[in-house]
Amino acid sequence: MAPNLAANPQRHPSLTARPEWRALNAHCVELAKVHLRDLFAKDPARGQRLAVEAAGLYLDYSKQRVDAETLRLLVALAEACNLQARIEGMFRGDIINVTEQRAVLHVALRAPATERILVDGEDVVPAVRSVLDRMAAFSERVRSGAWTGHTGKRIRNIVNIGIGGSDLGPVMAYQALRHYSQRELTLRFVSNVDGTDFVEAVADLEADETLFVVCSKTFTTLETLTNAHAARSWCLRALGNDQAVAKHFVAVSTNARAVAQFGIDPSNMFGFWDWVGGRYSMDSAIGLSTMLAIGPGHFRELLDGFHAMDVHFRSAPLAANLPVLLGLIGIWNSNFLGAETVAVLPYDQYLQRFPAYLQQLTMESNGKHVTIDGNPIDYATSPVYWGEPGTNGQHSFYQLIHQGTRLIPCDFIGFVEPLNPLQEQHDLLMANLFAQSEALAFGKTTEEVMADGIADSLVPHRVFEGNRPSHTLLAERLTPYALGTLVALYEHSVFVQGTIWNIDSFDQWGVELGKALAKRTAQELASVSEPELDHDSSTNALIRRYRALREAGR
Ligand code: F6P
């Protein structure tokens with residue numbers, strides 16, 4: 001039954017009309033005049049005081065443009081928006097994905113066996129544990145060589161086929177935890193409907209040593225099904241027998257019927273549930289490729305990290321709660337200081353796909369233009385997330401962050417211990433991280449530049465305004481546990497922001513229009529006779545030109 005969203009209009013007063021929002025606006029006018037240099041000068045202990053630690057993650061937010069009053073007002077706003085009650089509602093399994101009428105329970109994926117979490121009166125924890133056990137048993141068989149391919153050879157290559165949440169989490173986690181992976185196994189990830197992605201991924205692989213893990217929550221996604229069909233043809237071409245599918249394909253999905261229709265035996269399917277959003281699913285069965293790479297023990301450590309952050313999020317006071325602070329300071333930067341983007345800058349090469357992963361998590365969740373009740377919004381929602389590992393970005397786009405005309409808050413992420421024994425290089429890496437956040441915050445004044453003896457004409461070019469905000473996240477070592485805490489931190493900060501913005505962070509209707517238009521256009525491109533086109537004149541002309549040039553080239 002469709003939810004009656006209109007039945008409850010204006011359940012919440014408009015956000016911008018709230019006294020707490022107005023107070024923040026007034027406070028911002030004053031604080032905007034204050035430089036980070038002044039805030040640090042006024043409070044010599046600021047660097048230690050404005051920091052919180054939980055589950056092994058240390059968040060320094062002292063280089064944000066906030067003072068005690070900002071934090072007090074932000075927490076007051078969170079309280080006025082019933083954040084604590086909303087957090088409880090999520091953990092309790094309330095239907096908080098209102099437009100799809102679903103509970104949002106990724107926290108159940110990492111709950112200990114002793115916990116009870118009810119959905120429609122049924123405890124979901126035993127089912128979660130049972131899928132994890134099946135994944136572990138399967139992974140052990142593949143990793144040990146007990147599971148063999150159609151010709152009896154052991155599996156040496158795992159190809160994950162999926163897109164969005166069925167790709168970004170697995171590929172990010174595999175890259176992040178590569179240090180812990182079984183090196184004899186080659187992992188590849190195919191997502192794009194562009195055939196190049198598939199062709200290049202399997203170009204140097206032998207079919208009889210390759211296992212495809214087809215991941216799709218719905219098992220209807222065009223890209224994934226197209227690639228899965230390409231994979232089946234590739235496999236059968238080499239192995240020449242339909243029976244091979246059972247040994248070379250497993251599926252991860254909530255849609256057992258579609259999996260069976262594709263031809264994958266349901267006993268080779270690992271399930272999950274509609275209360276796990278795609279972008280919140282890397283710790284569900286969607287993490288099968290991660291588990292195959294790092295093993296069940298490390299996967300359990302990853303879940304433990306997630307859970308530790310869940311416990312902290314649920315129990316810590318708002319003012320000392322990492323995801324709450326990250327979320328609220330993000331709101332301060334976007335809605336009051338006017339920042340339009342956030343740069344995510346991991347100083348760890350293993351986290352190279354972390355910014356891409358965060359893009360879906362943050363922007364698909366909070367890129368919304370109406371409130372949960374369907375009313376138009378008069379404030380900015382999700383900023384644009386982007387980033388690259390340090391130090392590479394320093395030689396590319398950091399110029400703009402330091403001296404450009406836009407305010408770009410940065411999240412720096414680093415680890416104390418390196419995973420590879422090149423301590424000096426690690427010290428250099430971390431020196432760069434610390435130097436960047438310092439340079440952004442404090443800059444270099446005209447007087448300081450002149451004192452360096454710089455020619456007058458160059459002085460303006462050499463000045464760094466500073467006052468550019470950043471978070472620094474530090475953990476001891478990039479372990480599976482630490483990765484779990486980091487991902488859960490961002491998951492929950494997205495929830496905090498969605499709660500304040502009063503939006504549904506768990507639907508994604510914005511992806512539908514493009515999918516529908518592509519379906520229709522695909523038919524027009526495939527049509528043998530010249531199709532009747534009634535798009536706009538630009539789209540019509542592009543389709544005609546494409547068809548004509550394609551025919552000419554045949
Ligand atoms: O089109 C967007 C989306 O639905 C994402 O939310 C999701 O992660 C992705 O597509 C893949 O969906 P599925 O896992 O059902 O193939």
# chains A, B, ... in the order shown; residues from 1 in each chain; ligands from 1
>>> residues_around(residues="Arg72 (chain A)", least_positions_apart="6", cutoff="10 Å", atoms="only C-alpha atoms", output="ChimeraX atom specification")
/A:24,78,319
>>> write_last_selection(atoms="C-alpha atoms", output="tab-separated table (two decimals), in the first residue's frame")
chain	number	residue	atom	x	y	z
A	24	LEU	CA	22.61	29.87	14.53
A	78	ALA	CA	19.62	18.52	17.11
A	319	ALA	CA	27.99	16.84	22.38
>>> residues_near_ligand(ligand="ligand 1", cutoff="7 Å", atoms="only C-alpha atoms and all ligand atoms", output="PyMOL selection string")
chain A and resi 162-166+215-221+224+278-279+508+511
>>> write_last_selection(atoms="all heavy atoms", output="compact mmCIF listing (two decimals), in the first residue's frame")
# COMPACT_ATOMS: atom_id res chain seq x y z
N GLY A 162 28.41 -5.94 -10.03
CA GLY A 162 27.38 -5.19 -9.32
C GLY A 162 27.61 -3.72 -9.59
O GLY A 162 28.63 -3.34 -10.19
N ILE A 163 26.69 -2.88 -9.16
CA ILE A 163 26.88 -1.44 -9.38
C ILE A 163 26.31 -0.68 -8.19
O ILE A 163 25.50 -1.24 -7.43
CB ILE A 163 26.24 -0.99 -10.73
CG1 ILE A 163 26.76 0.38 -11.17
CG2 ILE A 163 24.71 -0.99 -10.66
CD1 ILE A 163 26.50 0.70 -12.64
N GLY A 164 26.72 0.56 -8.01
CA GLY A 164 26.24 1.35 -6.87
C GLY A 164 26.66 0.66 -5.58
O GLY A 164 27.80 0.24 -5.41
N GLY A 165 25.70 0.49 -4.68
CA GLY A 165 26.02 -0.13 -3.40
C GLY A 165 26.48 -1.57 -3.54
O GLY A 165 27.11 -2.11 -2.62
N SER A 166 26.20 -2.20 -4.65
CA SER A 166 26.62 -3.58 -4.85
C SER A 166 28.01 -3.66 -5.47
O SER A 166 28.48 -4.75 -5.85
CB SER A 166 25.60 -4.31 -5.73
OG SER A 166 24.34 -4.29 -5.09
N CYS A 215 26.16 -9.48 -7.67
CA CYS A 215 25.55 -8.79 -6.53
C CYS A 215 24.51 -7.80 -7.01
O CYS A 215 24.83 -6.86 -7.75
CB CYS A 215 26.62 -7.97 -5.80
SG CYS A 215 27.74 -8.95 -4.84
N SER A 216 23.29 -7.99 -6.59
CA SER A 216 22.26 -7.00 -6.89
C SER A 216 21.12 -7.19 -5.90
O SER A 216 20.52 -8.27 -5.85
CB SER A 216 21.74 -7.17 -8.33
OG SER A 216 20.68 -6.27 -8.56
N LYS A 217 20.83 -6.15 -5.16
CA LYS A 217 19.75 -6.24 -4.18
C LYS A 217 18.45 -6.63 -4.90
O LYS A 217 17.74 -7.54 -4.50
CB LYS A 217 19.60 -4.91 -3.45
CG LYS A 217 18.48 -4.89 -2.44
CD LYS A 217 18.44 -3.58 -1.67
CE LYS A 217 17.16 -3.52 -0.84
NZ LYS A 217 17.03 -2.28 -0.09
N THR A 218 18.16 -5.94 -5.99
CA THR A 218 16.89 -6.17 -6.70
C THR A 218 16.99 -7.28 -7.74
O THR A 218 15.98 -7.87 -8.13
CB THR A 218 16.50 -4.89 -7.45
OG1 THR A 218 17.61 -4.52 -8.28
CG2 THR A 218 16.17 -3.77 -6.49
N PHE A 219 18.17 -7.52 -8.24
CA PHE A 219 18.43 -8.41 -9.37
C PHE A 219 17.63 -8.00 -10.61
O PHE A 219 17.21 -8.83 -11.43
CB PHE A 219 18.17 -9.89 -9.01
CG PHE A 219 19.31 -10.77 -9.44
CD1 PHE A 219 20.48 -10.83 -8.70
CD2 PHE A 219 19.25 -11.54 -10.61
CE1 PHE A 219 21.57 -11.60 -9.09
CE2 PHE A 219 20.32 -12.32 -11.02
CZ PHE A 219 21.48 -12.34 -10.25
N THR A 220 17.42 -6.71 -10.75
CA THR A 220 16.77 -6.19 -11.96
C THR A 220 17.62 -5.10 -12.60
O THR A 220 17.22 -4.52 -13.60
CB THR A 220 15.40 -5.57 -11.61
OG1 THR A 220 15.61 -4.55 -10.64
CG2 THR A 220 14.42 -6.58 -11.06
N THR A 221 18.75 -4.78 -12.00
CA THR A 221 19.53 -3.63 -12.46
C THR A 221 20.18 -3.91 -13.82
O THR A 221 20.89 -4.91 -14.00
CB THR A 221 20.60 -3.28 -11.40
OG1 THR A 221 19.92 -3.07 -10.17
CG2 THR A 221 21.39 -2.04 -11.75
N THR A 224 24.02 -4.63 -14.13
CA THR A 224 24.48 -5.87 -13.51
C THR A 224 23.99 -7.09 -14.29
O THR A 224 24.75 -8.03 -14.53
CB THR A 224 24.00 -5.90 -12.04
OG1 THR A 224 24.53 -4.75 -11.41
CG2 THR A 224 24.45 -7.15 -11.32
N GLY A 278 20.94 -0.29 -0.37
CA GLY A 278 22.09 -0.67 -1.21
C GLY A 278 23.39 -0.03 -0.73
O GLY A 278 24.43 -0.68 -0.61
N ARG A 279 23.33 1.26 -0.44
CA ARG A 279 24.56 1.97 -0.05
C ARG A 279 24.96 1.72 1.40
O ARG A 279 25.94 2.27 1.88
CB ARG A 279 24.41 3.48 -0.33
CG ARG A 279 23.17 4.11 0.28
CD ARG A 279 22.89 5.47 -0.34
NE ARG A 279 21.64 6.06 0.14
CZ ARG A 279 20.45 5.87 -0.42
NH1 ARG A 279 20.35 5.05 -1.46
NH2 ARG A 279 19.38 6.47 0.05
N GLN A 508 15.79 6.78 -3.03
CA GLN A 508 16.64 7.32 -4.11
C GLN A 508 15.82 7.45 -5.39
O GLN A 508 16.19 6.93 -6.42
CB GLN A 508 17.90 6.47 -4.35
CG GLN A 508 17.70 4.98 -4.65
CD GLN A 508 17.37 4.17 -3.44
OE1 GLN A 508 17.93 4.36 -2.38
NE2 GLN A 508 16.39 3.27 -3.57
N VAL A 511 17.05 8.55 -9.12
CA VAL A 511 17.76 7.77 -10.14
C VAL A 511 16.79 7.21 -11.18
O VAL A 511 17.21 6.66 -12.20
CB VAL A 511 18.56 6.60 -9.51
CG1 VAL A 511 19.56 7.12 -8.50
CG2 VAL A 511 17.64 5.58 -8.86
>>> closest_atom_pairs(of="region 29-146 of chain A", to="region 327-346 of chain A", cutoff="10 Å", atoms="only C-alpha atoms", output="Markdown table")
| residue | atom | partner | partner_atom | distance |
| --- | --- | --- | --- | --- |
| A:Val29 | CA | A:Phe336 | CA | 9.0 |
| A:Leu31 | CA | A:Leu337 | CA | 9.7 |
| A:Ala32 | CA | A:Leu337 | CA | 7.6 |
| A:Tyr61 | CA | A:Ile329 | CA | 8.6 |
| A:Gln64 | CA | A:Ile329 | CA | 7.8 |
| A:Arg65 | CA | A:Asn333 | CA | 8.3 |
| A:Val66 | CA | A:Ile329 | CA | 8.1 |
| A:Thr70 | CA | A:Trp332 | CA | 8.4 |
| A:Leu71 | CA | A:Ile329 | CA | 8.2 |
| A:Leu74 | CA | A:Leu328 | CA | 6.3 |
| A:Val75 | CA | A:Leu328 | CA | 7.8 |
| A:Leu77 | CA | A:Leu328 | CA | 9.0 |
| A:Ala78 | CA | A:Leu328 | CA | 7.9 |
>>> write_last_selection(atoms="N, CA, C and O atoms", output="mmCIF file, in the first residue's frame")
data_model
loop_
_atom_site.group_PDB
_atom_site.id
_atom_site.type_symbol
_atom_site.label_atom_id
_atom_site.label_comp_id
_atom_site.auth_asym_id
_atom_site.auth_seq_id
_atom_site.Cartn_x
_atom_site.Cartn_y
_atom_site.Cartn_z
ATOM 1 N N VAL A 29 26.689 35.347 11.814
ATOM 2 C CA VAL A 29 27.073 36.704 11.400
ATOM 3 C C VAL A 29 28.256 37.172 12.245
ATOM 4 O O VAL A 29 29.217 37.754 11.734
ATOM 5 N N LEU A 31 30.365 35.115 14.169
ATOM 6 C CA LEU A 31 31.543 34.232 14.108
ATOM 7 C C LEU A 31 32.262 34.316 12.758
ATOM 8 O O LEU A 31 33.467 34.070 12.671
ATOM 9 N N ALA A 32 31.522 34.687 11.716
ATOM 10 C CA ALA A 32 32.146 34.782 10.391
ATOM 11 C C ALA A 32 33.284 35.805 10.401
ATOM 12 O O ALA A 32 34.189 35.755 9.566
ATOM 13 N N TYR A 61 38.230 18.315 15.765
ATOM 14 C CA TYR A 61 37.421 19.307 15.034
ATOM 15 C C TYR A 61 37.777 20.727 15.444
ATOM 16 O O TYR A 61 37.027 21.663 15.202
ATOM 17 N N GLN A 64 37.836 23.515 12.839
ATOM 18 C CA GLN A 64 36.573 23.967 12.250
ATOM 19 C C GLN A 64 36.268 25.358 12.790
ATOM 20 O O GLN A 64 36.672 25.705 13.901
ATOM 21 N N ARG A 65 35.516 26.122 12.024
ATOM 22 C CA ARG A 65 35.209 27.498 12.448
ATOM 23 C C ARG A 65 34.020 27.504 13.413
ATOM 24 O O ARG A 65 32.929 27.973 13.085
ATOM 25 N N VAL A 66 34.259 26.910 14.562
ATOM 26 C CA VAL A 66 33.210 26.814 15.582
ATOM 27 C C VAL A 66 33.789 27.248 16.922
ATOM 28 O O VAL A 66 34.993 27.139 17.152
ATOM 29 N N THR A 70 28.730 27.910 19.151
ATOM 30 C CA THR A 70 28.288 27.218 17.926
ATOM 31 C C THR A 70 27.861 25.798 18.278
ATOM 32 O O THR A 70 26.807 25.323 17.838
ATOM 33 N N LEU A 71 28.698 25.142 19.062
ATOM 34 C CA LEU A 71 28.417 23.741 19.384
ATOM 35 C C LEU A 71 27.164 23.642 20.242
ATOM 36 O O LEU A 71 26.321 22.762 20.027
ATOM 37 N N LEU A 74 24.216 24.138 17.926
ATOM 38 C CA LEU A 74 24.020 22.982 17.018
ATOM 39 C C LEU A 74 23.379 21.825 17.777
ATOM 40 O O LEU A 74 22.473 21.154 17.261
ATOM 41 N N VAL A 75 23.849 21.593 18.998
ATOM 42 C CA VAL A 75 23.259 20.512 19.796
ATOM 43 C C VAL A 75 21.799 20.852 20.127
ATOM 44 O O VAL A 75 20.912 19.990 20.074
ATOM 45 N N LEU A 77 19.829 22.536 18.269
ATOM 46 C CA LEU A 77 19.068 22.272 17.036
ATOM 47 C C LEU A 77 18.776 20.778 16.910
ATOM 48 O O LEU A 77 17.653 20.364 16.590
ATOM 49 N N ALA A 78 19.801 19.974 17.190
ATOM 50 C CA ALA A 78 19.617 18.518 17.108
ATOM 51 C C ALA A 78 18.543 18.058 18.088
ATOM 52 O O ALA A 78 17.701 17.208 17.757
#
>>> residues_around(residues="region 543-551 of chain A", least_positions_apart="6", cutoff="9 Å", atoms="only C-alpha atoms", output="ChimeraX atom specification")
/A:521,524-525,530,533
>>> write_last_selection(atoms="all heavy atoms", output="tab-separated table (two decimals), in the first residue's frame")
chain	number	residue	atom	x	y	z
A	521	THR	N	15.19	5.04	-24.91
A	521	THR	CA	16.19	5.40	-25.91
A	521	THR	C	16.91	4.16	-26.42
A	521	THR	O	17.25	4.08	-27.61
A	521	THR	CB	17.18	6.43	-25.31
A	521	THR	OG1	16.42	7.50	-24.78
A	521	THR	CG2	18.15	6.95	-26.34
A	524	GLU	N	15.03	2.78	-29.15
A	524	GLU	CA	15.16	3.60	-30.36
A	524	GLU	C	16.50	3.36	-31.04
A	524	GLU	O	16.60	3.34	-32.27
A	524	GLU	CB	14.97	5.08	-30.01
A	524	GLU	CG	13.53	5.39	-29.61
A	524	GLU	CD	13.39	6.68	-28.82
A	524	GLU	OE1	14.41	7.26	-28.40
A	524	GLU	OE2	12.24	7.09	-28.60
A	525	LEU	N	17.53	3.15	-30.25
A	525	LEU	CA	18.85	2.88	-30.86
A	525	LEU	C	18.88	1.50	-31.50
A	525	LEU	O	19.54	1.28	-32.51
A	525	LEU	CB	19.95	2.99	-29.80
A	525	LEU	CG	20.19	4.37	-29.18
A	525	LEU	CD1	21.40	4.33	-28.26
A	525	LEU	CD2	20.38	5.45	-30.24
A	530	GLU	N	13.96	3.39	-39.04
A	530	GLU	CA	14.13	4.72	-38.43
A	530	GLU	C	13.01	4.97	-37.42
A	530	GLU	O	11.83	5.00	-37.79
A	530	GLU	CB	14.10	5.76	-39.56
A	530	GLU	CG	14.58	7.13	-39.16
A	530	GLU	CD	16.07	7.18	-38.77
A	530	GLU	OE1	16.87	6.42	-39.35
A	530	GLU	OE2	16.39	7.96	-37.85
A	533	LEU	N	10.80	9.79	-33.34
A	533	LEU	CA	11.36	10.32	-32.09
A	533	LEU	C	10.52	11.50	-31.60
A	533	LEU	O	10.20	12.38	-32.40
A	533	LEU	CB	12.80	10.79	-32.32
A	533	LEU	CG	13.80	9.71	-32.75
A	533	LEU	CD1	15.17	10.35	-33.01
A	533	LEU	CD2	13.94	8.62	-31.70
>>> residues_around(residues="Gly240 (chain A)", least_positions_apart="5", cutoff="12 Å", atoms="only C-alpha atoms", output="PyMOL selection string")
chain A and resi 150-151+207-208+232-235+245
>>> select_by_dssp(residues="region 311-444 of chain A", states="strand (DSSP E or B)", output="PyMOL selection string")
chain A and resi 341-346+370+376+384-386+410-415+444
>>> write_last_selection(atoms="N, CA and C atoms", output="mmCIF file, in the first residue's frame")
data_model
loop_
_atom_site.group_PDB
_atom_site.id
_atom_site.type_symbol
_atom_site.label_atom_id
_atom_site.label_comp_id
_atom_site.auth_asym_id
_atom_site.auth_seq_id
_atom_site.Cartn_x
_atom_site.Cartn_y
_atom_site.Cartn_z
ATOM 1 N N THR A 341 30.695 22.028 -1.027
ATOM 2 C CA THR A 341 31.287 20.707 -1.209
ATOM 3 C C THR A 341 32.066 20.309 0.050
ATOM 4 N N VAL A 342 32.438 19.049 0.104
ATOM 5 C CA VAL A 342 33.340 18.552 1.159
ATOM 6 C C VAL A 342 34.415 17.724 0.457
ATOM 7 N N ALA A 343 35.674 18.009 0.741
ATOM 8 C CA ALA A 343 36.757 17.196 0.175
ATOM 9 C C ALA A 343 37.153 16.121 1.183
ATOM 10 N N VAL A 344 37.154 14.869 0.736
ATOM 11 C CA VAL A 344 37.541 13.749 1.607
ATOM 12 C C VAL A 344 38.945 13.328 1.194
ATOM 13 N N LEU A 345 39.889 13.455 2.118
ATOM 14 C CA LEU A 345 41.299 13.330 1.746
ATOM 15 C C LEU A 345 42.008 12.292 2.613
ATOM 16 N N PRO A 346 41.891 11.016 2.224
ATOM 17 C CA PRO A 346 42.568 9.986 3.020
ATOM 18 C C PRO A 346 44.066 9.994 2.726
ATOM 19 N N VAL A 370 12.802 17.700 -1.148
ATOM 20 C CA VAL A 370 11.570 17.875 -0.366
ATOM 21 C C VAL A 370 11.753 17.214 1.001
ATOM 22 N N PRO A 376 8.403 21.322 -0.163
ATOM 23 C CA PRO A 376 9.659 21.834 -0.731
ATOM 24 C C PRO A 376 10.571 22.382 0.364
ATOM 25 N N VAL A 384 28.329 18.402 -2.155
ATOM 26 C CA VAL A 384 28.999 17.480 -3.078
ATOM 27 C C VAL A 384 30.239 16.923 -2.385
ATOM 28 N N TYR A 385 30.361 15.623 -2.326
ATOM 29 C CA TYR A 385 31.561 14.992 -1.740
ATOM 30 C C TYR A 385 32.491 14.570 -2.857
ATOM 31 N N TRP A 386 33.746 14.748 -2.658
ATOM 32 C CA TRP A 386 34.735 14.374 -3.659
ATOM 33 C C TRP A 386 36.082 14.246 -2.955
ATOM 34 N N CYS A 410 37.455 20.261 4.578
ATOM 35 C CA CYS A 410 38.161 19.017 4.233
ATOM 36 C C CYS A 410 38.069 18.027 5.390
ATOM 37 N N ASP A 411 37.952 16.747 5.049
ATOM 38 C CA ASP A 411 38.088 15.683 6.047
ATOM 39 C C ASP A 411 39.408 14.973 5.759
ATOM 40 N N PHE A 412 40.395 15.188 6.621
ATOM 41 C CA PHE A 412 41.666 14.470 6.492
ATOM 42 C C PHE A 412 41.569 13.168 7.288
ATOM 43 N N ILE A 413 42.071 12.084 6.708
ATOM 44 C CA ILE A 413 42.015 10.785 7.392
ATOM 45 C C ILE A 413 43.422 10.186 7.367
ATOM 46 N N GLY A 414 43.918 9.790 8.533
ATOM 47 C CA GLY A 414 45.267 9.210 8.558
ATOM 48 C C GLY A 414 45.410 8.148 9.633
ATOM 49 N N PHE A 415 46.507 7.409 9.556
ATOM 50 C CA PHE A 415 46.765 6.304 10.491
ATOM 51 C C PHE A 415 48.168 6.456 11.075
ATOM 52 N N LYS A 444 49.028 32.276 5.628
ATOM 53 C CA LYS A 444 50.257 33.073 5.737
ATOM 54 C C LYS A 444 49.876 34.522 5.453
#
>>> closest_atom_pairs(of="region 425-446 of chain A", to="region 462-475 of chain A", cutoff="6 Å", atoms="only C-alpha atoms", output="CSV")
residue,atom,partner,partner_atom,distance
A:Leu440,CA,A:Gly466,CA,5.0
A:Ala441,CA,A:Asn467,CA,4.6
A:Phe442,CA,A:Gly466,CA,4.7
A:Gly443,CA,A:Gly466,CA,3.8
A:Lys444,CA,A:Phe464,CA,4.7
A:Thr445,CA,A:Val463,CA,5.7
A:Thr446,CA,A:Val463,CA,5.8
>>> atom_distance(atom1="CA of Cys28 (chain A)", atom2="CA of Leu326 (chain A)")
18.1 Å
>>> residues_around(residues="Val214 (chain A)", least_positions_apart="3", cutoff="7 Å", atoms="only C-alpha atoms", output="ChimeraX atom specification")
/A:160-162,228,250-252
>>> residues_around(residues="Asp427 (chain A)", least_positions_apart="3", cutoff="12 Å", atoms="only C-alpha atoms", output="NGL selection string")
:A and (347-348 or 414-418 or 421-424 or 430-435)
>>> closest_residue(among="A:Pro460, A:Gly295, A:Pro383, A:Gly305", to="Val494 (chain A)", atoms="only C-alpha atoms")
A:Pro383
>>> decode(residues="region 505-517 of chain A", atoms="N, CA, C and O atoms", output="mmCIF file, in the first residue's frame")
data_model
loop_
_atom_site.group_PDB
_atom_site.id
_atom_site.type_symbol
_atom_site.label_atom_id
_atom_site.label_comp_id
_atom_site.auth_asym_id
_atom_site.auth_seq_id
_atom_site.Cartn_x
_atom_site.Cartn_y
_atom_site.Cartn_z
ATOM 1 N N SER A 505 16.444 9.900 4.074
ATOM 2 C CA SER A 505 17.825 9.616 3.633
ATOM 3 C C SER A 505 17.951 8.227 3.019
ATOM 4 O O SER A 505 19.052 7.819 2.637
ATOM 5 N N PHE A 506 16.868 7.485 2.951
ATOM 6 C CA PHE A 506 17.012 6.070 2.588
ATOM 7 C C PHE A 506 16.293 5.680 1.301
ATOM 8 O O PHE A 506 16.281 4.519 0.936
ATOM 9 N N ASP A 507 15.700 6.657 0.608
ATOM 10 C CA ASP A 507 15.155 6.350 -0.720
ATOM 11 C C ASP A 507 16.086 6.968 -1.770
ATOM 12 O O ASP A 507 17.093 7.603 -1.434
ATOM 13 N N GLN A 508 15.794 6.784 -3.028
ATOM 14 C CA GLN A 508 16.639 7.320 -4.107
ATOM 15 C C GLN A 508 15.824 7.451 -5.388
ATOM 16 O O GLN A 508 16.186 6.930 -6.422
ATOM 17 N N TRP A 509 14.688 8.167 -5.281
ATOM 18 C CA TRP A 509 13.814 8.292 -6.456
ATOM 19 C C TRP A 509 14.492 9.041 -7.586
ATOM 20 O O TRP A 509 14.105 8.885 -8.753
ATOM 21 N N GLY A 510 15.487 9.850 -7.250
ATOM 22 C CA GLY A 510 16.166 10.661 -8.261
ATOM 23 C C GLY A 510 16.910 9.859 -9.317
ATOM 24 O O GLY A 510 17.360 10.420 -10.311
ATOM 25 N N VAL A 511 17.049 8.553 -9.125
ATOM 26 C CA VAL A 511 17.762 7.770 -10.144
ATOM 27 C C VAL A 511 16.786 7.212 -11.179
ATOM 28 O O VAL A 511 17.205 6.662 -12.199
ATOM 29 N N GLU A 512 15.477 7.363 -10.934
ATOM 30 C CA GLU A 512 14.502 6.645 -11.753
ATOM 31 C C GLU A 512 14.271 7.242 -13.136
ATOM 32 O O GLU A 512 14.137 6.518 -14.115
ATOM 33 N N LEU A 513 14.197 8.578 -13.211
ATOM 34 C CA LEU A 513 13.851 9.209 -14.490
ATOM 35 C C LEU A 513 14.860 8.844 -15.579
ATOM 36 O O LEU A 513 14.492 8.450 -16.693
ATOM 37 N N GLY A 514 16.129 8.949 -15.235
ATOM 38 C CA GLY A 514 17.180 8.627 -16.208
ATOM 39 C C GLY A 514 17.094 7.174 -16.654
ATOM 40 O O GLY A 514 17.299 6.852 -17.837
ATOM 41 N N LYS A 515 16.763 6.276 -15.704
ATOM 42 C CA LYS A 515 16.660 4.847 -16.060
ATOM 43 C C LYS A 515 15.533 4.645 -17.066
ATOM 44 O O LYS A 515 15.678 3.916 -18.051
ATOM 45 N N ALA A 516 14.377 5.288 -16.831
ATOM 46 C CA ALA A 516 13.218 5.116 -17.705
ATOM 47 C C ALA A 516 13.528 5.671 -19.095
ATOM 48 O O ALA A 516 13.230 5.033 -20.118
ATOM 49 N N LEU A 517 14.161 6.847 -19.141
ATOM 50 C CA LEU A 517 14.474 7.444 -20.444
ATOM 51 C C LEU A 517 15.486 6.595 -21.195
ATOM 52 O O LEU A 517 15.404 6.429 -22.415
#
